[in-house]
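Undergrad: Input: one structure, supplied below.
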Amino acid sequence: MAERIYADDFQAKVLDSPVPVLVDFYSDSCIACKKLAPTLCDLEEDYEGKVSVFKVNTGYDTKLVQEYEILSNPTLIFFKNGEAVDRQIGAKDYDELTDWIDGLI
């Protein structure tokens, strides 16, 4: 399961990461977020060592929500070399996400 991170460790785990990072901005009450969770687990396993996967709860980390202009849950942001390079909004299936990630790494 993707590790939940917070604003205070975002710099170290995402922006300073030597590998690309997929961040799931989610809410505990979001049905689409719950639907996406197993897919993120599969991605985390399949891209181990190539892409890190983390989760940020939008109800608690409002600083990150504002900074990255999160308007809906789930929002997936792909970071590479410390920069947000692309995003996906809403629940996506495994194939859509692997195609997206493969095009970015």
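Ordered as shown in the structure tokens, chains take letters A, B, and onward, while each chain numbers its residues from 1 and ligands are numbered from 1 in the order shown.
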Near Asp61 of chain A, counting only C-alpha atoms, which residues have an atom at most 8 Å away, once you skip same-chain residues fewer than 5 positions from it, shown as a PDB file with C-alpha atoms, in the first residue's frame?
TA:
ATOM      1  CA  TYR A   6       2.737  14.837   4.923  1.00  0.00           C
ATOM      2  CA  ALA A   7       3.754  18.396   4.094  1.00  0.00           C
ATOM      3  CA  VAL A  56      -1.378  12.866   0.477  1.00  0.00           C
TER       4      VAL A  56
END
Undergrad: Return as a PyMOL selection string the full set of residues in segment 8-93 of chain A whose backbone-based DSSP assignment is helix (DSSP H, G or I).
TA: chain A and resi 8-15+31-46+62-67
Undergrad: Just N, CA and C atoms for this one: save the residues we selected as a short mmCIF file (atom, residue, chain, number, x, y, z; two decimals), in the first residue's frame.
TA:
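Okay, this is what ended up in again32.cif:
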data_model
loop_
_atom_site.label_atom_id
_atom_site.label_comp_id
_atom_site.auth_asym_id
_atom_site.auth_seq_id
_atom_site.Cartn_x
_atom_site.Cartn_y
_atom_site.Cartn_z
N ASP A 8 5.44 18.04 5.83
CA ASP A 8 6.79 18.18 6.38
C ASP A 8 7.79 17.18 5.82
N ASP A 9 7.34 16.10 5.18
CA ASP A 9 8.29 15.18 4.55
C ASP A 9 8.15 15.13 3.02
N PHE A 10 7.33 16.01 2.47
CA PHE A 10 7.10 16.06 1.03
C PHE A 10 8.38 16.39 0.27
N GLN A 11 9.13 17.35 0.77
CA GLN A 11 10.39 17.75 0.12
C GLN A 11 11.34 16.55 -0.01
N ALA A 12 11.55 15.86 1.09
CA ALA A 12 12.51 14.75 1.10
C ALA A 12 12.02 13.56 0.27
N LYS A 13 10.75 13.23 0.37
CA LYS A 13 10.25 12.01 -0.27
C LYS A 13 9.85 12.20 -1.73
N VAL A 14 9.46 13.41 -2.08
CA VAL A 14 8.97 13.65 -3.45
C VAL A 14 9.94 14.52 -4.24
N LEU A 15 10.16 15.73 -3.78
CA LEU A 15 10.93 16.69 -4.56
C LEU A 15 12.41 16.34 -4.65
N ILE A 31 -15.16 8.08 -2.82
CA ILE A 31 -15.41 6.74 -3.35
C ILE A 31 -14.44 6.41 -4.48
N ALA A 32 -14.20 7.36 -5.38
CA ALA A 32 -13.26 7.13 -6.48
C ALA A 32 -11.85 6.87 -5.96
N CYS A 33 -11.49 7.53 -4.86
CA CYS A 33 -10.16 7.31 -4.26
C CYS A 33 -10.04 5.88 -3.74
N LYS A 34 -11.10 5.41 -3.13
CA LYS A 34 -11.10 4.03 -2.61
C LYS A 34 -11.02 3.03 -3.76
N LYS A 35 -11.68 3.34 -4.86
CA LYS A 35 -11.64 2.48 -6.05
C LYS A 35 -10.23 2.44 -6.64
N LEU A 36 -9.51 3.56 -6.57
CA LEU A 36 -8.18 3.67 -7.14
C LEU A 36 -7.10 2.99 -6.29
N ALA A 37 -7.33 2.86 -4.99
CA ALA A 37 -6.31 2.36 -4.06
C ALA A 37 -5.68 1.02 -4.47
N PRO A 38 -6.46 -0.01 -4.84
CA PRO A 38 -5.83 -1.28 -5.23
C PRO A 38 -4.96 -1.15 -6.50
N THR A 39 -5.37 -0.28 -7.41
CA THR A 39 -4.59 -0.06 -8.63
C THR A 39 -3.25 0.57 -8.27
N LEU A 40 -3.25 1.52 -7.34
CA LEU A 40 -2.00 2.14 -6.90
C LEU A 40 -1.08 1.12 -6.25
N CYS A 41 -1.64 0.18 -5.51
CA CYS A 41 -0.83 -0.88 -4.91
C CYS A 41 -0.15 -1.72 -5.99
N ASP A 42 -0.91 -2.05 -7.04
CA ASP A 42 -0.34 -2.81 -8.15
C ASP A 42 0.77 -2.02 -8.85
N LEU A 43 0.54 -0.73 -9.06
CA LEU A 43 1.56 0.12 -9.69
C LEU A 43 2.82 0.18 -8.85
N GLU A 44 2.62 0.31 -7.54
CA GLU A 44 3.76 0.39 -6.63
C GLU A 44 4.63 -0.86 -6.74
N GLU A 45 4.00 -2.02 -6.83
CA GLU A 45 4.74 -3.28 -6.96
C GLU A 45 5.42 -3.38 -8.33
N ASP A 46 4.67 -3.05 -9.38
CA ASP A 46 5.18 -3.24 -10.74
C ASP A 46 6.28 -2.25 -11.12
N THR A 62 -3.55 20.85 3.74
CA THR A 62 -4.10 21.94 2.93
C THR A 62 -3.01 22.79 2.28
N LYS A 63 -1.84 22.87 2.89
CA LYS A 63 -0.74 23.62 2.28
C LYS A 63 -0.37 23.02 0.92
N LEU A 64 -0.25 21.70 0.87
CA LEU A 64 0.07 21.03 -0.40
C LEU A 64 -1.09 21.12 -1.38
N VAL A 65 -2.31 21.04 -0.88
CA VAL A 65 -3.50 21.17 -1.73
C VAL A 65 -3.49 22.52 -2.43
N GLN A 66 -3.20 23.57 -1.69
CA GLN A 66 -3.15 24.91 -2.28
C GLN A 66 -1.98 25.05 -3.24
N GLU A 67 -0.82 24.58 -2.81
CA GLU A 67 0.39 24.72 -3.62
C GLU A 67 0.25 24.04 -4.98
#
Undergrad: Could you pull the residues within 9 Å of Thr75 of chain A, counting only C-alpha atoms, minus those fewer than 2 positions along the same chain, as a JSON list (two decimals) with all heavy atoms, in the first residue's frame?
TA:
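In the end it all went to out_0.json:
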[["chain", "number", "residue", "atom", "x", "y", "z"],
["A", 23, "VAL", "N", 2.21, 10.88, -6.92],
["A", 23, "VAL", "CA", 1.54, 11.26, -5.68],
["A", 23, "VAL", "C", 0.04, 11.27, -5.91],
["A", 23, "VAL", "O", -0.46, 11.93, -6.83],
["A", 23, "VAL", "CB", 2.00, 12.65, -5.18],
["A", 23, "VAL", "CG1", 1.26, 13.02, -3.89],
["A", 23, "VAL", "CG2", 3.50, 12.65, -4.94],
["A", 24, "ASP", "N", -0.67, 10.54, -5.06],
["A", 24, "ASP", "CA", -2.12, 10.47, -5.08],
["A", 24, "ASP", "C", -2.66, 11.43, -4.03],
["A", 24, "ASP", "O", -2.48, 11.20, -2.83],
["A", 24, "ASP", "CB", -2.57, 9.03, -4.78],
["A", 24, "ASP", "CG", -4.07, 8.89, -4.59],
["A", 24, "ASP", "OD1", -4.83, 9.70, -5.16],
["A", 24, "ASP", "OD2", -4.48, 7.96, -3.86],
["A", 25, "PHE", "N", -3.29, 12.50, -4.45],
["A", 25, "PHE", "CA", -3.97, 13.42, -3.54],
["A", 25, "PHE", "C", -5.39, 12.88, -3.40],
["A", 25, "PHE", "O", -6.14, 12.83, -4.39],
["A", 25, "PHE", "CB", -3.96, 14.84, -4.10],
["A", 25, "PHE", "CG", -2.60, 15.48, -4.05],
["A", 25, "PHE", "CD1", -1.68, 15.28, -5.07],
["A", 25, "PHE", "CD2", -2.25, 16.28, -2.98],
["A", 25, "PHE", "CE1", -0.42, 15.88, -5.03],
["A", 25, "PHE", "CE2", -1.00, 16.88, -2.92],
["A", 25, "PHE", "CZ", -0.08, 16.68, -3.94],
["A", 26, "TYR", "N", -5.74, 12.47, -2.20],
["A", 26, "TYR", "CA", -6.98, 11.73, -1.96],
["A", 26, "TYR", "C", -7.70, 12.24, -0.71],
["A", 26, "TYR", "O", -7.17, 13.02, 0.06],
["A", 26, "TYR", "CB", -6.68, 10.24, -1.79],
["A", 26, "TYR", "CG", -6.12, 9.91, -0.42],
["A", 26, "TYR", "CD1", -6.94, 9.37, 0.56],
["A", 26, "TYR", "CD2", -4.80, 10.19, -0.09],
["A", 26, "TYR", "CE1", -6.45, 9.09, 1.83],
["A", 26, "TYR", "CE2", -4.30, 9.93, 1.17],
["A", 26, "TYR", "CZ", -5.13, 9.39, 2.12],
["A", 26, "TYR", "OH", -4.64, 9.13, 3.38],
["A", 33, "CYS", "N", -11.49, 7.53, -4.86],
["A", 33, "CYS", "CA", -10.16, 7.31, -4.26],
["A", 33, "CYS", "C", -10.04, 5.88, -3.74],
["A", 33, "CYS", "O", -9.00, 5.25, -3.89],
["A", 33, "CYS", "CB", -9.93, 8.29, -3.11],
["A", 33, "CYS", "SG", -9.96, 10.03, -3.60],
["A", 70, "ILE", "N", -5.03, 21.50, -6.07],
["A", 70, "ILE", "CA", -5.87, 20.31, -6.10],
["A", 70, "ILE", "C", -7.33, 20.75, -5.97],
["A", 70, "ILE", "O", -7.71, 21.33, -4.95],
["A", 70, "ILE", "CB", -5.50, 19.33, -4.98],
["A", 70, "ILE", "CG1", -4.01, 18.98, -5.02],
["A", 70, "ILE", "CG2", -6.37, 18.07, -5.03],
["A", 70, "ILE", "CD1", -3.52, 18.37, -6.31],
["A", 71, "LEU", "N", -8.12, 20.47, -6.99],
["A", 71, "LEU", "CA", -9.52, 20.88, -6.99],
["A", 71, "LEU", "C", -10.49, 19.72, -6.84],
["A", 71, "LEU", "O", -11.66, 19.94, -6.56],
["A", 71, "LEU", "CB", -9.83, 21.65, -8.28],
["A", 71, "LEU", "CG", -8.98, 22.91, -8.52],
["A", 71, "LEU", "CD1", -9.30, 23.52, -9.87],
["A", 71, "LEU", "CD2", -9.18, 23.91, -7.40],
["A", 72, "SER", "N", -10.00, 18.50, -7.06],
["A", 72, "SER", "CA", -10.87, 17.34, -6.90],
["A", 72, "SER", "C", -10.04, 16.13, -6.52],
["A", 72, "SER", "O", -8.84, 16.08, -6.75],
["A", 72, "SER", "CB", -11.67, 17.07, -8.18],
["A", 72, "SER", "OG", -10.81, 16.78, -9.24],
["A", 73, "ASN", "N", -10.74, 15.17, -5.93],
["A", 73, "ASN", "CA", -10.11, 13.92, -5.51],
["A", 73, "ASN", "C", -10.64, 12.77, -6.37],
["A", 73, "ASN", "O", -11.83, 12.77, -6.67],
["A", 73, "ASN", "CB", -10.45, 13.61, -4.05],
["A", 73, "ASN", "CG", -9.85, 14.61, -3.10],
["A", 73, "ASN", "OD1", -8.71, 14.98, -3.23],
["A", 73, "ASN", "ND2", -10.64, 15.07, -2.14],
["A", 77, "ILE", "N", -0.47, 13.33, -9.37],
["A", 77, "ILE", "CA", 0.56, 14.19, -9.96],
["A", 77, "ILE", "C", 1.85, 13.39, -10.08],
["A", 77, "ILE", "O", 2.27, 12.74, -9.13],
["A", 77, "ILE", "CB", 0.79, 15.47, -9.14],
["A", 77, "ILE", "CG1", -0.51, 16.28, -9.04],
["A", 77, "ILE", "CG2", 1.90, 16.32, -9.78],
["A", 77, "ILE", "CD1", -0.38, 17.58, -8.28],
["A", 87, "ARG", "N", -0.46, 15.54, -14.63],
["A", 87, "ARG", "CA", -1.47, 15.11, -13.66],
["A", 87, "ARG", "C", -2.64, 14.42, -14.34],
["A", 87, "ARG", "O", -2.90, 14.65, -15.51],
["A", 87, "ARG", "CB", -1.95, 16.26, -12.79],
["A", 87, "ARG", "CG", -2.76, 17.32, -13.50],
["A", 87, "ARG", "CD", -3.31, 18.40, -12.57],
["A", 87, "ARG", "NE", -2.26, 19.09, -11.86],
["A", 87, "ARG", "CZ", -2.43, 19.71, -10.68],
["A", 87, "ARG", "NH1", -3.59, 19.75, -10.11],
["A", 87, "ARG", "NH2", -1.42, 20.31, -10.10],
["A", 88, "GLN", "N", -3.28, 13.57, -13.57],
["A", 88, "GLN", "CA", -4.51, 12.88, -13.97],
["A", 88, "GLN", "C", -5.54, 13.13, -12.88],
["A", 88, "GLN", "O", -5.20, 13.12, -11.70],
["A", 88, "GLN", "CB", -4.28, 11.37, -14.10],
["A", 88, "GLN", "CG", -3.34, 10.96, -15.20],
["A", 88, "GLN", "CD", -4.00, 10.97, -16.55],
["A", 88, "GLN", "OE1", -5.17, 10.64, -16.69],
["A", 88, "GLN", "NE2", -3.25, 11.38, -17.56],
["A", 89, "ILE", "N", -6.77, 13.34, -13.28],
["A", 89, "ILE", "CA", -7.84, 13.59, -12.31],
["A", 89, "ILE", "C", -8.89, 12.50, -12.45],
["A", 89, "ILE", "O", -9.30, 12.16, -13.55],
["A", 89, "ILE", "CB", -8.45, 14.98, -12.51],
["A", 89, "ILE", "CG1", -7.38, 16.04, -12.29],
["A", 89, "ILE", "CG2", -9.64, 15.20, -11.58],
["A", 89, "ILE", "CD1", -7.78, 17.44, -12.67],
["A", 90, "GLY", "N", -9.31, 11.95, -11.31],
["A", 90, "GLY", "CA", -10.33, 10.91, -11.30],
["A", 90, "GLY", "C", -9.72, 9.52, -11.27],
["A", 90, "GLY", "O", -8.52, 9.35, -11.50],
["A", 91, "ALA", "N", -10.56, 8.56, -10.99],
["A", 91, "ALA", "CA", -10.11, 7.17, -10.93],
["A", 91, "ALA", "C", -9.82, 6.68, -12.35],
["A", 91, "ALA", "O", -10.61, 6.87, -13.26],
["A", 91, "ALA", "CB", -11.17, 6.30, -10.28]]
Undergrad: When DSSP is applied to the backbone of this structure, which of segment 18-97 of chain A are assigned strand (DSSP E or B)? Write them out as a PyMOL selection string.
TA: chain A and resi 21-26+52-57+75-80+83-89
Undergrad: My list of candidates is A:Ser29, A:Tyr60, A:Ala84, A:Phe78. Which is closest to Ile105 of chain A when distances are computed with only C-alpha atoms?
TA: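 Once distances to Ile105 of chain A are computed over only C-alpha atoms, the minimum belongs to A:Phe78.
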Undergrad: Pick out the closest residue to Arg4 of chain A from this set: A:Val53, A:Cys30, A:Ile101, A:Val85. Count only C-alpha atoms.
TA: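 Using only C-alpha atoms, the shortest distance to Arg4 of chain A belongs to A:Val53.
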Undergrad: Taking only C-alpha atoms into account, which of A:Thr58, A:Ser52, A:Thr98, A:Ser27 comes nearest Glu3 of chain A?
TA: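 Among the listed residues, the smallest separation from Glu3 of chain A belongs to A:Ser52.
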Undergrad: So, with only C-alpha atoms as the atoms that count, which of A:Glu69, A:Asp93, A:Glu48, A:Asp99 lies closest to Pro20 of chain A?
TA: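 Looking only at the distances to Pro20 of chain A, the closest residue turns out to be A:Glu48.
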Undergrad: Grab the atom CA of Ile5 of chain A to atom CA of Asp102 of chain A distance for me, in Å with one decimal place.
TA: 23.8 Å
Undergrad: So how many Å separate atom CA of Gly103 of chain A and atom CA of Asp86 of chain A, to one decimal?
TA: 10.5 Å
Undergrad: A:Leu22, A:Phe79, A:Phe54, A:Met1: which is nearest Leu97 of chain A, counting only C-alpha atoms?
TA: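 For Leu97 of chain A, the nearest of the candidates is A:Leu22.
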